[in-house]
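Have a look at the structure below, then the notes.
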Amino acid sequence: MKQIAIGVSSCLLGHRVRYDGRDKRNSIVENELCSRFQCIPLCPEYAIGLGVPRAPVQLIQDGENFAVVGVADCSMDITTSLRGYADFVGNTLIDLCGYIFKSRSPTCGLTDTPVFDHHGKEVGKGRGEYAARLIRHCAALPAIDEIQLADPNLRQEFILQVETYSMSLKR
């Protein structure tokens, strides 16, 4: 029987794809969720061609608009590429039944990504640009981050949502 597929930020699976060349291996993801689901590693920054290691990026807000730009060089704007990759994932990985995002990431954070103004001052928290676009594209897709997974109740709720979503795709 084919396992239910979920997308997972690659760094949470131990892939060394972060800007600093490190990973953020998560034992709950690896030991509990990947034994239950088929975990598809996805890293939008790496997928759009940014190397490892690479210059760090941050989420910038300008009025109602958001952009992902280099911390040291704001002319390095990867917003359009991230949006394109989110559209690609949403259109091609149609069997995904859930997604585990990396918290605080300017691309993948769900709720707690630091948002900065053009002067580098933190002005709030928000959603990473890739995660925001993918969730807009696939509004019903169950999504969680590794911080939320640490809560056993939220983890169980996510598992049930993924299984329910999977059943809705089979109809």
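Convention: chains lettered A, B, ... in structure tokens order; per-chain residue numbering from 1; ligands numbered from 1 as shown.
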May I have the residues within 9 Å of A:Glu30 as a VMD selection string, using only C-alpha atoms and disregarding those fewer than 6 positions away in the same chain?
chain A and resid 12 to 14 39
Run DSSP on the backbone and grab whatever in stretch 23-113 of chain A lands in strand (DSSP E or B); send it over as a ChimeraX atom specification.
/A:38-42,57-62,65-70,77,96-101,113
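Across the model, the gap from atom CA of A:Leu110 to atom CA of A:Tyr130 is 9.7 Å.
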For a test of reading the model, state the distance in Å between atom CA of A:Asn31 and atom CA of A:Arg104, rounded to one decimal.
22.4 Å
Return as JSON lines the residues of stretch 32-76 of chain A lying at most 12 Å from stretch 116-125 of chain A, together with the closest atom-to-atom pair for each and the distance in Å to one decimal, counting only C-alpha atoms, with rows in chain order and ascending residue number.
{"residue": "A:Val57", "atom": "CA", "partner": "A:Phe116", "partner_atom": "CA", "distance": 11.0}
{"residue": "A:Gln58", "atom": "CA", "partner": "A:Phe116", "partner_atom": "CA", "distance": 7.4}
{"residue": "A:Leu59", "atom": "CA", "partner": "A:Phe116", "partner_atom": "CA", "distance": 6.2}
{"residue": "A:Ile60", "atom": "CA", "partner": "A:Phe116", "partner_atom": "CA", "distance": 4.8}
{"residue": "A:Gln61", "atom": "CA", "partner": "A:Asp117", "partner_atom": "CA", "distance": 5.6}
{"residue": "A:Asp62", "atom": "CA", "partner": "A:Asp117", "partner_atom": "CA", "distance": 6.8}
{"residue": "A:Gly63", "atom": "CA", "partner": "A:Asp117", "partner_atom": "CA", "distance": 9.4}
{"residue": "A:Glu64", "atom": "CA", "partner": "A:Asp117", "partner_atom": "CA", "distance": 11.7}
{"residue": "A:Asn65", "atom": "CA", "partner": "A:Asp117", "partner_atom": "CA", "distance": 11.0}
{"residue": "A:Phe66", "atom": "CA", "partner": "A:Phe116", "partner_atom": "CA", "distance": 9.6}
{"residue": "A:Ala67", "atom": "CA", "partner": "A:Phe116", "partner_atom": "CA", "distance": 9.9}
{"residue": "A:Val68", "atom": "CA", "partner": "A:Phe116", "partner_atom": "CA", "distance": 10.1}
{"residue": "A:Val69", "atom": "CA", "partner": "A:His118", "partner_atom": "CA", "distance": 10.0}
{"residue": "A:Gly70", "atom": "CA", "partner": "A:Gly120", "partner_atom": "CA", "distance": 11.0}
{"residue": "A:Val71", "atom": "CA", "partner": "A:Gly120", "partner_atom": "CA", "distance": 8.2}
{"residue": "A:Ala72", "atom": "CA", "partner": "A:Gly120", "partner_atom": "CA", "distance": 10.0}
{"residue": "A:Asp73", "atom": "CA", "partner": "A:His118", "partner_atom": "CA", "distance": 11.3}
{"residue": "A:Cys74", "atom": "CA", "partner": "A:His118", "partner_atom": "CA", "distance": 8.5}
{"residue": "A:Ser75", "atom": "CA", "partner": "A:His118", "partner_atom": "CA", "distance": 11.5}
Counting only C-alpha atoms, what is within 9 Å of stretch 139-142 of chain A, bar same-chain residues fewer than 2 positions away, as number ranges by chain?
A: 96-100, 134-137, 144, 158-159, 161-162, 165
Test item, helix (DSSP H, G or I) assignment across chain A, answer as a PyMOL selection string:
chain A and resi 10-13+27-36+44-47+79-92+129-137+146-149+152-169
